[in-house]
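Text of model-v2.pdb (PDB, C-alpha atoms, pLDDT in the B column) as supplied:
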ATOM      1  CA  MET D   1     -22.633 -27.336  -3.989  1.00 41.00           C
ATOM      2  CA  GLY D   2     -22.132 -30.301  -6.291  1.00 43.00           C
ATOM      3  CA  ARG D   3     -18.873 -31.531  -7.689  1.00 46.00           C
ATOM      4  CA  LEU D   4     -18.399 -32.348 -11.356  1.00 47.00           C
ATOM      5  CA  ARG D   5     -16.034 -35.290 -11.099  1.00 49.00           C
ATOM      6  CA  ARG D   6     -12.981 -35.289 -13.279  1.00 50.00           C
ATOM      7  CA  ARG D   7     -12.836 -37.980 -15.916  1.00 45.00           C
ATOM      8  CA  GLU D   8     -10.414 -40.870 -15.578  1.00 47.00           C
ATOM      9  CA  GLY D   9      -6.986 -39.888 -16.825  1.00 54.00           C
ATOM     10  CA  GLU D  10      -7.490 -36.162 -16.224  1.00 68.00           C
ATOM     11  CA  SER D  11      -4.868 -34.544 -14.016  1.00 79.00           C
ATOM     12  CA  MET D  12      -5.808 -33.209 -10.588  1.00 93.00           C
ATOM     13  CA  TYR D  13      -5.832 -29.480 -10.026  1.00 98.00           C
ATOM     14  CA  GLU D  14      -2.646 -28.115  -8.455  1.00 97.00           C
ATOM     15  CA  LEU D  15      -3.213 -25.049  -6.258  1.00 97.00           C
ATOM     16  CA  TYR D  16      -0.180 -22.983  -5.276  1.00 94.00           C
ATOM     17  CA  ILE D  17      -0.598 -20.839  -2.174  1.00 95.00           C
ATOM     18  CA  ALA D  18       1.502 -19.057   0.456  1.00 92.00           C
ATOM     19  CA  ASN D  19       1.423 -19.142   4.261  1.00 94.00           C
ATOM     20  CA  LYS D  20      -2.031 -19.700   5.701  1.00 97.00           C
ATOM     21  CA  ASN D  21      -1.395 -17.203   8.497  1.00 97.00           C
ATOM     22  CA  TYR D  22      -0.807 -14.328   6.079  1.00 97.00           C
ATOM     23  CA  SER D  23      -2.094 -15.021   2.582  1.00 96.00           C
ATOM     24  CA  SER D  24      -5.618 -13.677   2.136  1.00 96.00           C
ATOM     25  CA  TRP D  25      -5.388 -14.035  -1.644  1.00 95.00           C
ATOM     26  CA  SER D  26      -4.552 -17.735  -1.314  1.00 96.00           C
ATOM     27  CA  LEU D  27      -7.481 -18.322   1.033  1.00 98.00           C
ATOM     28  CA  ARG D  28     -10.130 -17.374  -1.511  1.00 98.00           C
ATOM     29  CA  PRO D  29      -9.768 -20.194  -4.073  1.00 98.00           C
ATOM     30  CA  TRP D  30      -8.639 -22.618  -1.354  1.00 98.00           C
ATOM     31  CA  VAL D  31     -11.786 -22.221   0.770  1.00 98.00           C
ATOM     32  CA  LEU D  32     -14.002 -22.231  -2.315  1.00 98.00           C
ATOM     33  CA  MET D  33     -12.530 -25.505  -3.586  1.00 98.00           C
ATOM     34  CA  GLN D  34     -12.671 -27.053  -0.137  1.00 98.00           C
ATOM     35  CA  GLU D  35     -16.305 -26.100   0.464  1.00 97.00           C
ATOM     36  CA  ALA D  36     -17.260 -27.113  -3.087  1.00 96.00           C
ATOM     37  CA  ASP D  37     -15.550 -30.494  -2.681  1.00 96.00           C
ATOM     38  CA  ILE D  38     -13.345 -29.837  -5.714  1.00 97.00           C
ATOM     39  CA  GLU D  39     -10.299 -32.062  -5.360  1.00 96.00           C
ATOM     40  CA  PHE D  40      -6.862 -30.481  -5.629  1.00 97.00           C
ATOM     41  CA  ARG D  41      -3.282 -30.860  -4.483  1.00 97.00           C
ATOM     42  CA  GLU D  42      -1.977 -28.030  -2.338  1.00 97.00           C
ATOM     43  CA  HIS D  43       1.513 -26.581  -2.750  1.00 94.00           C
ATOM     44  CA  LEU D  44       2.525 -24.063  -0.089  1.00 93.00           C
ATOM     45  CA  ILE D  45       5.459 -21.777  -0.837  1.00 88.00           C
ATOM     46  CA  PRO D  46       6.308 -19.547   2.157  1.00 86.00           C
ATOM     47  CA  PHE D  47       6.785 -15.818   1.702  1.00 81.00           C
ATOM     48  CA  GLY D  48      10.438 -15.110   1.089  1.00 73.00           C
ATOM     49  CA  ASP D  49      11.249 -18.757   0.416  1.00 62.00           C
ATOM     50  CA  ARG D  50      14.308 -19.336  -1.782  1.00 60.00           C
ATOM     51  CA  GLU D  51      12.136 -21.422  -4.088  1.00 60.00           C
ATOM     52  CA  TRP D  52      10.147 -18.309  -4.987  1.00 63.00           C
ATOM     53  CA  GLU D  53      12.223 -17.625  -8.107  1.00 70.00           C
ATOM     54  CA  SER D  54      11.427 -21.076  -9.461  1.00 66.00           C
ATOM     55  CA  PHE D  55       7.745 -20.353  -8.810  1.00 70.00           C
ATOM     56  CA  ARG D  56       8.009 -17.368 -11.143  1.00 75.00           C
ATOM     57  CA  LYS D  57       8.616 -19.847 -13.947  1.00 74.00           C
ATOM     58  CA  LEU D  58       5.209 -21.358 -13.204  1.00 78.00           C
ATOM     59  CA  SER D  59       3.028 -18.298 -12.535  1.00 84.00           C
ATOM     60  CA  PRO D  60       3.341 -15.410 -15.028  1.00 84.00           C
ATOM     61  CA  ASN D  61       2.989 -12.743 -12.323  1.00 85.00           C
ATOM     62  CA  GLY D  62       5.150 -14.588  -9.794  1.00 81.00           C
ATOM     63  CA  LYS D  63       2.416 -14.397  -7.173  1.00 86.00           C
ATOM     64  CA  VAL D  64      -0.073 -16.626  -5.382  1.00 90.00           C
ATOM     65  CA  PRO D  65      -2.601 -18.038  -5.786  1.00 94.00           C
ATOM     66  CA  CYS D  66      -1.986 -19.959  -8.969  1.00 95.00           C
ATOM     67  CA  LEU D  67      -4.022 -22.883 -10.294  1.00 97.00           C
ATOM     68  CA  VAL D  68      -2.507 -25.451 -12.652  1.00 96.00           C
ATOM     69  CA  ASP D  69      -4.797 -27.765 -14.601  1.00 97.00           C
ATOM     70  CA  GLY D  70      -2.618 -29.958 -16.780  1.00 94.00           C
ATOM     71  CA  LYS D  71      -1.043 -27.567 -19.296  1.00 93.00           C
ATOM     72  CA  THR D  72      -3.333 -24.697 -18.317  1.00 96.00           C
ATOM     73  CA  VAL D  73      -2.073 -22.121 -15.810  1.00 95.00           C
ATOM     74  CA  VAL D  74      -4.545 -19.695 -14.219  1.00 97.00           C
ATOM     75  CA  TRP D  75      -3.368 -16.878 -11.958  1.00 94.00           C
ATOM     76  CA  GLU D  76      -5.220 -14.208  -9.945  1.00 94.00           C
ATOM     77  CA  SER D  77      -7.966 -15.352  -7.596  1.00 96.00           C
ATOM     78  CA  LEU D  78     -10.868 -13.960  -9.632  1.00 96.00           C
ATOM     79  CA  ALA D  79      -9.664 -15.659 -12.804  1.00 97.00           C
ATOM     80  CA  ILE D  80      -9.252 -18.939 -10.910  1.00 98.00           C
ATOM     81  CA  VAL D  81     -12.830 -18.718  -9.669  1.00 98.00           C
ATOM     82  CA  GLU D  82     -14.179 -18.098 -13.170  1.00 98.00           C
ATOM     83  CA  TYR D  83     -12.132 -20.992 -14.544  1.00 98.00           C
ATOM     84  CA  LEU D  84     -13.605 -23.300 -11.902  1.00 98.00           C
ATOM     85  CA  ALA D  85     -17.116 -21.949 -12.528  1.00 98.00           C
ATOM     86  CA  GLU D  86     -16.898 -23.129 -16.138  1.00 97.00           C
ATOM     87  CA  ARG D  87     -16.256 -26.677 -14.893  1.00 96.00           C
ATOM     88  CA  HIS D  88     -18.140 -27.034 -11.590  1.00 97.00           C
ATOM     89  CA  ARG D  89     -21.732 -26.309 -10.610  1.00 94.00           C
ATOM     90  CA  GLY D  90     -22.479 -23.954  -7.754  1.00 94.00           C
ATOM     91  CA  VAL D  91     -19.376 -21.775  -7.814  1.00 98.00           C
ATOM     92  CA  TRP D  92     -21.738 -18.879  -8.561  1.00 98.00           C
ATOM     93  CA  PRO D  93     -25.467 -18.810  -7.679  1.00 98.00           C
ATOM     94  CA  GLN D  94     -27.793 -20.301 -10.282  1.00 96.00           C
ATOM     95  CA  GLU D  95     -30.344 -17.468 -10.229  1.00 97.00           C
ATOM     96  CA  ALA D  96     -29.325 -14.641 -12.575  1.00 98.00           C
ATOM     97  CA  GLU D  97     -29.880 -11.691 -10.228  1.00 98.00           C
ATOM     98  CA  ALA D  98     -28.062 -13.386  -7.351  1.00 98.00           C
ATOM     99  CA  ARG D  99     -25.243 -14.399  -9.696  1.00 98.00           C
ATOM    100  CA  ALA D 100     -24.837 -10.821 -10.959  1.00 98.00           C
ATOM    101  CA  PHE D 101     -24.740  -9.527  -7.384  1.00 98.00           C
ATOM    102  CA  ALA D 102     -22.240 -12.200  -6.313  1.00 98.00           C
ATOM    103  CA  ARG D 103     -19.922 -11.447  -9.229  1.00 98.00           C
ATOM    104  CA  SER D 104     -20.117  -7.706  -8.586  1.00 98.00           C
ATOM    105  CA  ALA D 105     -19.419  -8.136  -4.865  1.00 98.00           C
ATOM    106  CA  ALA D 106     -16.434 -10.406  -5.519  1.00 98.00           C
ATOM    107  CA  ALA D 107     -15.008  -8.026  -8.117  1.00 97.00           C
ATOM    108  CA  GLU D 108     -15.382  -5.089  -5.711  1.00 98.00           C
ATOM    109  CA  MET D 109     -13.542  -7.013  -3.007  1.00 97.00           C
ATOM    110  CA  HIS D 110     -10.862  -8.054  -5.495  1.00 95.00           C
ATOM    111  CA  SER D 111     -10.078  -4.480  -6.551  1.00 94.00           C
ATOM    112  CA  GLY D 112     -11.190  -2.316  -3.635  1.00 95.00           C
ATOM    113  CA  PHE D 113     -11.107  -1.818   0.132  1.00 97.00           C
ATOM    114  CA  THR D 114      -7.507  -0.598  -0.038  1.00 96.00           C
ATOM    115  CA  GLU D 115      -7.538   1.075   3.369  1.00 97.00           C
ATOM    116  CA  LEU D 116      -8.828  -2.092   5.036  1.00 97.00           C
ATOM    117  CA  ARG D 117      -6.051  -4.129   3.411  1.00 95.00           C
ATOM    118  CA  ASN D 118      -3.370  -1.612   4.406  1.00 94.00           C
ATOM    119  CA  ARG D 119      -4.525  -1.048   7.983  1.00 96.00           C
ATOM    120  CA  CYS D 120      -5.615  -4.610   8.770  1.00 98.00           C
ATOM    121  CA  SER D 121      -3.123  -6.881   7.059  1.00 97.00           C
ATOM    122  CA  MET D 122      -4.079 -10.533   7.509  1.00 97.00           C
ATOM    123  CA  SER D 123      -2.500 -12.522  10.319  1.00 98.00           C
ATOM    124  CA  CYS D 124      -4.858 -15.256  11.514  1.00 97.00           C
ATOM    125  CA  GLY D 125      -3.043 -16.250  14.664  1.00 98.00           C
ATOM    126  CA  VAL D 126      -2.796 -12.952  16.518  1.00 98.00           C
ATOM    127  CA  ARG D 127      -5.204 -10.590  18.253  1.00 98.00           C
ATOM    128  CA  MET D 128      -4.481  -6.911  17.717  1.00 98.00           C
ATOM    129  CA  ARG D 129      -5.868  -3.507  18.705  1.00 98.00           C
ATOM    130  CA  LEU D 130      -5.744  -0.849  16.003  1.00 98.00           C
ATOM    131  CA  LYS D 131      -3.836   2.282  17.007  1.00 97.00           C
ATOM    132  CA  GLU D 132      -6.286   4.444  15.052  1.00 96.00           C
ATOM    133  CA  THR D 133      -9.286   4.128  12.740  1.00 95.00           C
ATOM    134  CA  PRO D 134      -8.885   6.887  10.135  1.00 96.00           C
ATOM    135  CA  PRO D 135     -11.752   8.060   7.908  1.00 97.00           C
ATOM    136  CA  GLY D 136     -10.619   5.909   4.979  1.00 97.00           C
ATOM    137  CA  LEU D 137     -10.872   2.748   7.046  1.00 97.00           C
ATOM    138  CA  MET D 138     -14.251   3.792   8.430  1.00 97.00           C
ATOM    139  CA  ARG D 139     -15.512   4.298   4.872  1.00 97.00           C
ATOM    140  CA  ASP D 140     -14.323   0.826   3.867  1.00 97.00           C
ATOM    141  CA  LEU D 141     -15.999  -0.752   6.885  1.00 97.00           C
ATOM    142  CA  ALA D 142     -19.229   1.138   6.211  1.00 97.00           C
ATOM    143  CA  ARG D 143     -19.220  -0.009   2.591  1.00 97.00           C
ATOM    144  CA  LEU D 144     -18.625  -3.608   3.659  1.00 97.00           C
ATOM    145  CA  GLU D 145     -21.520  -3.449   6.060  1.00 97.00           C
ATOM    146  CA  ALA D 146     -23.813  -1.965   3.413  1.00 97.00           C
ATOM    147  CA  LEU D 147     -22.809  -4.571   0.841  1.00 98.00           C
ATOM    148  CA  TRP D 148     -23.292  -7.484   3.246  1.00 98.00           C
ATOM    149  CA  THR D 149     -26.652  -6.123   4.419  1.00 98.00           C
ATOM    150  CA  ASP D 150     -27.828  -5.678   0.831  1.00 98.00           C
ATOM    151  CA  GLY D 151     -26.951  -9.239  -0.151  1.00 98.00           C
ATOM    152  CA  LEU D 152     -28.272 -10.915   2.970  1.00 98.00           C
ATOM    153  CA  GLU D 153     -31.562  -9.019   2.926  1.00 98.00           C
ATOM    154  CA  ARG D 154     -32.142  -9.241  -0.822  1.00 98.00           C
ATOM    155  CA  PHE D 155     -31.411 -12.953  -1.190  1.00 98.00           C
ATOM    156  CA  GLY D 156     -32.468 -14.179   2.243  1.00 98.00           C
ATOM    157  CA  GLY D 157     -29.156 -15.561   3.511  1.00 97.00           C
ATOM    158  CA  PRO D 158     -27.610 -17.258   5.310  1.00 98.00           C
ATOM    159  CA  PHE D 159     -24.872 -16.600   2.737  1.00 98.00           C
ATOM    160  CA  LEU D 160     -24.235 -13.442   0.791  1.00 98.00           C
ATOM    161  CA  ALA D 161     -26.194 -14.369  -2.340  1.00 98.00           C
ATOM    162  CA  GLY D 162     -28.635 -16.921  -0.960  1.00 98.00           C
ATOM    163  CA  LYS D 163     -28.863 -20.276   0.748  1.00 97.00           C
ATOM    164  CA  SER D 164     -25.593 -21.737  -0.531  1.00 97.00           C
ATOM    165  CA  PHE D 165     -21.956 -20.767  -0.067  1.00 98.00           C
ATOM    166  CA  SER D 166     -20.558 -19.300  -3.288  1.00 98.00           C
ATOM    167  CA  ALA D 167     -17.458 -17.609  -4.625  1.00 98.00           C
ATOM    168  CA  ALA D 168     -18.762 -14.295  -3.267  1.00 98.00           C
ATOM    169  CA  ASP D 169     -18.495 -15.662   0.270  1.00 98.00           C
ATOM    170  CA  ALA D 170     -15.023 -17.017  -0.484  1.00 98.00           C
ATOM    171  CA  PHE D 171     -13.892 -13.517  -1.421  1.00 98.00           C
ATOM    172  CA  PHE D 172     -15.039 -12.129   1.931  1.00 98.00           C
ATOM    173  CA  ALA D 173     -13.647 -15.010   4.014  1.00 98.00           C
ATOM    174  CA  PRO D 174     -10.397 -13.070   4.692  1.00 98.00           C
ATOM    175  CA  VAL D 175     -12.482 -10.148   5.990  1.00 98.00           C
ATOM    176  CA  ALA D 176     -14.017 -12.441   8.605  1.00 98.00           C
ATOM    177  CA  LEU D 177     -10.511 -13.405   9.740  1.00 98.00           C
ATOM    178  CA  ARG D 178      -9.445  -9.751   9.808  1.00 98.00           C
ATOM    179  CA  ALA D 179     -12.508  -8.926  11.923  1.00 97.00           C
ATOM    180  CA  GLN D 180     -11.436 -11.616  14.382  1.00 98.00           C
ATOM    181  CA  THR D 181      -7.819 -10.436  14.457  1.00 98.00           C
ATOM    182  CA  TYR D 182      -8.488  -6.716  14.885  1.00 98.00           C
ATOM    183  CA  GLY D 183     -11.805  -6.810  16.743  1.00 97.00           C
ATOM    184  CA  LEU D 184     -13.662  -5.086  13.900  1.00 96.00           C
ATOM    185  CA  GLU D 185     -17.357  -4.632  14.601  1.00 91.00           C
ATOM    186  CA  PHE D 186     -20.140  -5.048  12.038  1.00 89.00           C
ATOM    187  CA  ALA D 187     -23.918  -4.998  12.274  1.00 91.00           C
ATOM    188  CA  GLN D 188     -23.687  -8.208  10.227  1.00 94.00           C
ATOM    189  CA  ALA D 189     -21.346  -9.877  12.730  1.00 95.00           C
ATOM    190  CA  ALA D 190     -23.395 -13.086  12.468  1.00 96.00           C
ATOM    191  CA  TYR D 191     -22.430 -13.387   8.802  1.00 98.00           C
ATOM    192  CA  ALA D 192     -18.732 -12.980   9.585  1.00 97.00           C
ATOM    193  CA  GLN D 193     -19.057 -15.602  12.310  1.00 97.00           C
ATOM    194  CA  ARG D 194     -20.845 -17.924   9.889  1.00 98.00           C
ATOM    195  CA  LEU D 195     -17.850 -17.738   7.575  1.00 98.00           C
ATOM    196  CA  LEU D 196     -15.447 -18.446  10.444  1.00 98.00           C
ATOM    197  CA  GLU D 197     -17.468 -21.530  11.380  1.00 98.00           C
ATOM    198  CA  LEU D 198     -17.249 -23.130   7.945  1.00 98.00           C
ATOM    199  CA  PRO D 199     -15.410 -26.494   8.144  1.00 98.00           C
ATOM    200  CA  ALA D 200     -12.862 -25.373   5.551  1.00 98.00           C
ATOM    201  CA  MET D 201     -12.203 -22.132   7.419  1.00 98.00           C
ATOM    202  CA  GLY D 202     -11.605 -24.145  10.582  1.00 98.00           C
ATOM    203  CA  ARG D 203      -9.017 -26.255   8.772  1.00 98.00           C
ATOM    204  CA  TRP D 204      -7.288 -23.188   7.333  1.00 98.00           C
ATOM    205  CA  TYR D 205      -7.170 -21.465  10.724  1.00 98.00           C
ATOM    206  CA  ALA D 206      -5.851 -24.557  12.523  1.00 98.00           C
ATOM    207  CA  ALA D 207      -3.073 -24.893   9.952  1.00 98.00           C
ATOM    208  CA  ALA D 208      -2.231 -21.186  10.302  1.00 98.00           C
ATOM    209  CA  LEU D 209      -1.770 -21.536  14.064  1.00 98.00           C
ATOM    210  CA  VAL D 210       0.858 -24.272  13.764  1.00 98.00           C
ATOM    211  CA  GLU D 211       2.984 -22.451  11.194  1.00 97.00           C
ATOM    212  CA  THR D 212       6.321 -21.438  12.687  1.00 96.00           C
ATOM    213  CA  PHE D 213       7.428 -19.226   9.795  1.00 93.00           C
ATOM    214  CA  ARG D 214       7.449 -15.454  10.325  1.00 94.00           C
ATOM    215  CA  ASP D 215       7.614 -12.950   7.480  1.00 92.00           C
ATOM    216  CA  VAL D 216       9.530 -10.044   8.999  1.00 92.00           C
ATOM    217  CA  PRO D 217       8.231  -7.280   6.669  1.00 91.00           C
ATOM    218  CA  HIS D 218       4.655  -8.498   7.175  1.00 93.00           C
ATOM    219  CA  GLU D 219       5.079  -8.575  10.946  1.00 96.00           C
ATOM    220  CA  ALA D 220       6.530  -5.056  10.934  1.00 96.00           C
ATOM    221  CA  GLU D 221       3.644  -3.765   8.818  1.00 95.00           C
ATOM    222  CA  ILE D 222       1.111  -5.176  11.263  1.00 97.00           C
ATOM    223  CA  ALA D 223       2.963  -3.796  14.301  1.00 97.00           C
ATOM    224  CA  GLU D 224       2.988  -0.324  12.722  1.00 97.00           C
ATOM    225  CA  GLN D 225      -0.810  -0.257  12.553  1.00 97.00           C
ATOM    226  CA  ALA D 226      -1.855  -2.142  15.689  1.00 98.00           C
ATOM    227  CA  SER D 227      -0.752  -3.234  19.157  1.00 98.00           C
ATOM    228  CA  LEU D 228      -0.430  -6.909  20.026  1.00 98.00           C
ATOM    229  CA  ILE D 229      -2.935  -8.303  22.517  1.00 98.00           C
ATOM    230  CA  GLU D 230      -2.262 -12.022  22.127  1.00 98.00           C
ATOM    231  CA  ASP D 231      -0.227 -14.322  19.884  1.00 98.00           C
ATOM    232  CA  LEU D 232      -1.875 -17.734  19.506  1.00 98.00           C
ATOM    233  CA  ARG D 233       0.612 -19.154  17.021  1.00 98.00           C
ATOM    234  CA  ALA D 234       3.183 -21.861  17.581  1.00 98.00           C
ATOM    235  CA  PRO D 235       6.571 -20.380  18.572  1.00 97.00           C
ATOM    236  CA  ALA D 236       8.631 -19.066  15.671  1.00 94.00           C
ATOM    237  CA  ARG D 237      11.702 -20.954  14.521  1.00 86.00           C
TER     238      ARG D 237
END

Let me see the file written as structure tokens.
Amino acid sequence: MGRLRRREGESMYELYIANKNYSSWSLRPWVLMQEADIEFREHLIPFGDREWESFRKLSPNGKVPCLVDGKTVVWESLAIVEYLAERHRGVWPQEAEARAFARSAAAEMHSGFTELRNRCSMSCGVRMRLKETPPGLMRDLARLEALWTDGLERFGGPFLAGKSFSAADAFFAPVALRAQTYGLEFAQAAYAQRLLELPAMGRWYAAALVETFRDVPHEAEIAEQASLIEDLRAPAR
């Protein structure tokens, strides 16, 4: 994936994210920009931080992720990806059919899989066992498996829409981390593992493990759905 270098005098992208242990939405543009070698400055604002109100003055929806490019502010992960695609080669596949599939898959992940999100909230540094797997979650997992199989078989892999990592893979990167956390099983487990082994994913995961911040509501939500097996994170402060 090639980088279109910024011209001299142009400002560097500023990417605002939340905690790496919890924030699946932040991971998507972060891992894409890292794997695409698109330079940016990272600004991490923890969940519940007292600076959050000042962040609302920057991002119209008061949420992460948010990309700032000079005077241009882009919020929502899908919009950020499209903004980057207009400026950098390889964000989406070059071939039209693969690009259409990749965009459709990313949009489906952006707006769907509600039961998976609710039952398997992201927390990179723990290992959990789900207390139950209701029909809604099973349907989401079956749809994920079908979508991954379709992309990998149609475009030949090793990534979802072909030989190169694209924004579609970035959108499913949090699913790979959820699979690791909750022991979710897929026929396409090799694809999930491939995402986990990306250099950028390794950096994100390592940073998540050393975070000492705990978001109490997030922790309670996870504990309601699953039992703790192991906590690999640095001790909370």

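Using all atoms listed in the file, the shortest contact distance between Gln180 of chain D and any of D:Tyr205, D:Tyr16, D:Trp75, D:Trp30 is found at D:Tyr205.
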
note = Restricting to all atoms listed in the file, whichever of D:Phe186, D:Gly125, D:Pro174, D:Leu58 is closest to Ala234 of chain D is D:Gly125

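For the point (-6.6, -24.6, -5.5) in file coordinates, the residues within 7 Å, using all atoms listed in the file, are D:Tyr13, D:Glu14, D:Leu15, D:Tyr16, D:Pro29, D:Trp30, D:Met33, D:Phe40, D:Glu42, D:Leu67.
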
For C-alpha atoms, I'd like the residues from the last selection saved as a PDB file, in the coordinates of the input.
ATOM      1  CA  TYR D  13      -5.832 -29.480 -10.026  1.00 98.00           C
ATOM      2  CA  GLU D  14      -2.646 -28.115  -8.455  1.00 97.00           C
ATOM      3  CA  LEU D  15      -3.213 -25.049  -6.258  1.00 97.00           C
ATOM      4  CA  TYR D  16      -0.180 -22.983  -5.276  1.00 94.00           C
ATOM      5  CA  PRO D  29      -9.768 -20.194  -4.073  1.00 98.00           C
ATOM      6  CA  TRP D  30      -8.639 -22.618  -1.354  1.00 98.00           C
ATOM      7  CA  MET D  33     -12.530 -25.505  -3.586  1.00 98.00           C
ATOM      8  CA  PHE D  40      -6.862 -30.481  -5.629  1.00 97.00           C
ATOM      9  CA  GLU D  42      -1.977 -28.030  -2.338  1.00 97.00           C
ATOM     10  CA  LEU D  67      -4.022 -22.883 -10.294  1.00 97.00           C
TER      11      LEU D  67
END

query = How would you write, as a PyMOL selection string, the residues chosen by the PyMOL selection byres ((chain D and resi 157-162) around 10) on this structure?
reply = chain D and resi 92-95+97-103+105+147-156+163-170+172+190-192+194-195

With C-alpha atoms retained, export the selected residues as a PDB file, keeping the file's coordinate frame.
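Dumped everything to out.pdb:
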ATOM      1  CA  TRP D  92     -21.738 -18.879  -8.561  1.00 98.00           C
ATOM      2  CA  PRO D  93     -25.467 -18.810  -7.679  1.00 98.00           C
ATOM      3  CA  GLN D  94     -27.793 -20.301 -10.282  1.00 96.00           C
ATOM      4  CA  GLU D  95     -30.344 -17.468 -10.229  1.00 97.00           C
ATOM      5  CA  GLU D  97     -29.880 -11.691 -10.228  1.00 98.00           C
ATOM      6  CA  ALA D  98     -28.062 -13.386  -7.351  1.00 98.00           C
ATOM      7  CA  ARG D  99     -25.243 -14.399  -9.696  1.00 98.00           C
ATOM      8  CA  ALA D 100     -24.837 -10.821 -10.959  1.00 98.00           C
ATOM      9  CA  PHE D 101     -24.740  -9.527  -7.384  1.00 98.00           C
ATOM     10  CA  ALA D 102     -22.240 -12.200  -6.313  1.00 98.00           C
ATOM     11  CA  ARG D 103     -19.922 -11.447  -9.229  1.00 98.00           C
ATOM     12  CA  ALA D 105     -19.419  -8.136  -4.865  1.00 98.00           C
ATOM     13  CA  LEU D 147     -22.809  -4.571   0.841  1.00 98.00           C
ATOM     14  CA  TRP D 148     -23.292  -7.484   3.246  1.00 98.00           C
ATOM     15  CA  THR D 149     -26.652  -6.123   4.419  1.00 98.00           C
ATOM     16  CA  ASP D 150     -27.828  -5.678   0.831  1.00 98.00           C
ATOM     17  CA  GLY D 151     -26.951  -9.239  -0.151  1.00 98.00           C
ATOM     18  CA  LEU D 152     -28.272 -10.915   2.970  1.00 98.00           C
ATOM     19  CA  GLU D 153     -31.562  -9.019   2.926  1.00 98.00           C
ATOM     20  CA  ARG D 154     -32.142  -9.241  -0.822  1.00 98.00           C
ATOM     21  CA  PHE D 155     -31.411 -12.953  -1.190  1.00 98.00           C
ATOM     22  CA  GLY D 156     -32.468 -14.179   2.243  1.00 98.00           C
ATOM     23  CA  LYS D 163     -28.863 -20.276   0.748  1.00 97.00           C
ATOM     24  CA  SER D 164     -25.593 -21.737  -0.531  1.00 97.00           C
ATOM     25  CA  PHE D 165     -21.956 -20.767  -0.067  1.00 98.00           C
ATOM     26  CA  SER D 166     -20.558 -19.300  -3.288  1.00 98.00           C
ATOM     27  CA  ALA D 167     -17.458 -17.609  -4.625  1.00 98.00           C
ATOM     28  CA  ALA D 168     -18.762 -14.295  -3.267  1.00 98.00           C
ATOM     29  CA  ASP D 169     -18.495 -15.662   0.270  1.00 98.00           C
ATOM     30  CA  ALA D 170     -15.023 -17.017  -0.484  1.00 98.00           C
ATOM     31  CA  PHE D 172     -15.039 -12.129   1.931  1.00 98.00           C
ATOM     32  CA  ALA D 190     -23.395 -13.086  12.468  1.00 96.00           C
ATOM     33  CA  TYR D 191     -22.430 -13.387   8.802  1.00 98.00           C
ATOM     34  CA  ALA D 192     -18.732 -12.980   9.585  1.00 97.00           C
ATOM     35  CA  ARG D 194     -20.845 -17.924   9.889  1.00 98.00           C
ATOM     36  CA  LEU D 195     -17.850 -17.738   7.575  1.00 98.00           C
TER      37      LEU D 195
END

Nearest to Arg117 of chain D, chosen from D:Ala200, D:Leu137, D:Val31, D:Val81, with only C-alpha atoms counted in the distances = D:Leu137

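In this structure, atom CA of His88 of chain D sits 26.5 Å away from atom CA of Gln193 of chain D.
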
On this structure, the PyMOL selection byres ((chain D and resi 138) around 12) would catch which residues? List them as a PDB file with C-alpha atoms, in the frame of the given file, sorted by chain and number.
ATOM      1  CA  PHE D 113     -11.107  -1.818   0.132  1.00 97.00           C
ATOM      2  CA  THR D 114      -7.507  -0.598  -0.038  1.00 96.00           C
ATOM      3  CA  GLU D 115      -7.538   1.075   3.369  1.00 97.00           C
ATOM      4  CA  LEU D 116      -8.828  -2.092   5.036  1.00 97.00           C
ATOM      5  CA  ARG D 119      -4.525  -1.048   7.983  1.00 96.00           C
ATOM      6  CA  GLU D 132      -6.286   4.444  15.052  1.00 96.00           C
ATOM      7  CA  THR D 133      -9.286   4.128  12.740  1.00 95.00           C
ATOM      8  CA  PRO D 134      -8.885   6.887  10.135  1.00 96.00           C
ATOM      9  CA  PRO D 135     -11.752   8.060   7.908  1.00 97.00           C
ATOM     10  CA  GLY D 136     -10.619   5.909   4.979  1.00 97.00           C
ATOM     11  CA  LEU D 137     -10.872   2.748   7.046  1.00 97.00           C
ATOM     12  CA  ARG D 139     -15.512   4.298   4.872  1.00 97.00           C
ATOM     13  CA  ASP D 140     -14.323   0.826   3.867  1.00 97.00           C
ATOM     14  CA  LEU D 141     -15.999  -0.752   6.885  1.00 97.00           C
ATOM     15  CA  ALA D 142     -19.229   1.138   6.211  1.00 97.00           C
ATOM     16  CA  ARG D 143     -19.220  -0.009   2.591  1.00 97.00           C
ATOM     17  CA  LEU D 144     -18.625  -3.608   3.659  1.00 97.00           C
ATOM     18  CA  GLU D 145     -21.520  -3.449   6.060  1.00 97.00           C
ATOM     19  CA  LEU D 184     -13.662  -5.086  13.900  1.00 96.00           C
ATOM     20  CA  GLU D 185     -17.357  -4.632  14.601  1.00 91.00           C
ATOM     21  CA  PHE D 186     -20.140  -5.048  12.038  1.00 89.00           C
TER      22      PHE D 186
END

task = Check the smallest atom-to-atom distance from each of D:Leu177, D:Cys66, D:Met109, D:Ile38 to Ala208 of chain D using only C-alpha atoms, then report the winner.
result =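 Using only C-alpha atoms, the shortest distance to Ala208 of chain D belongs to D:Leu177.
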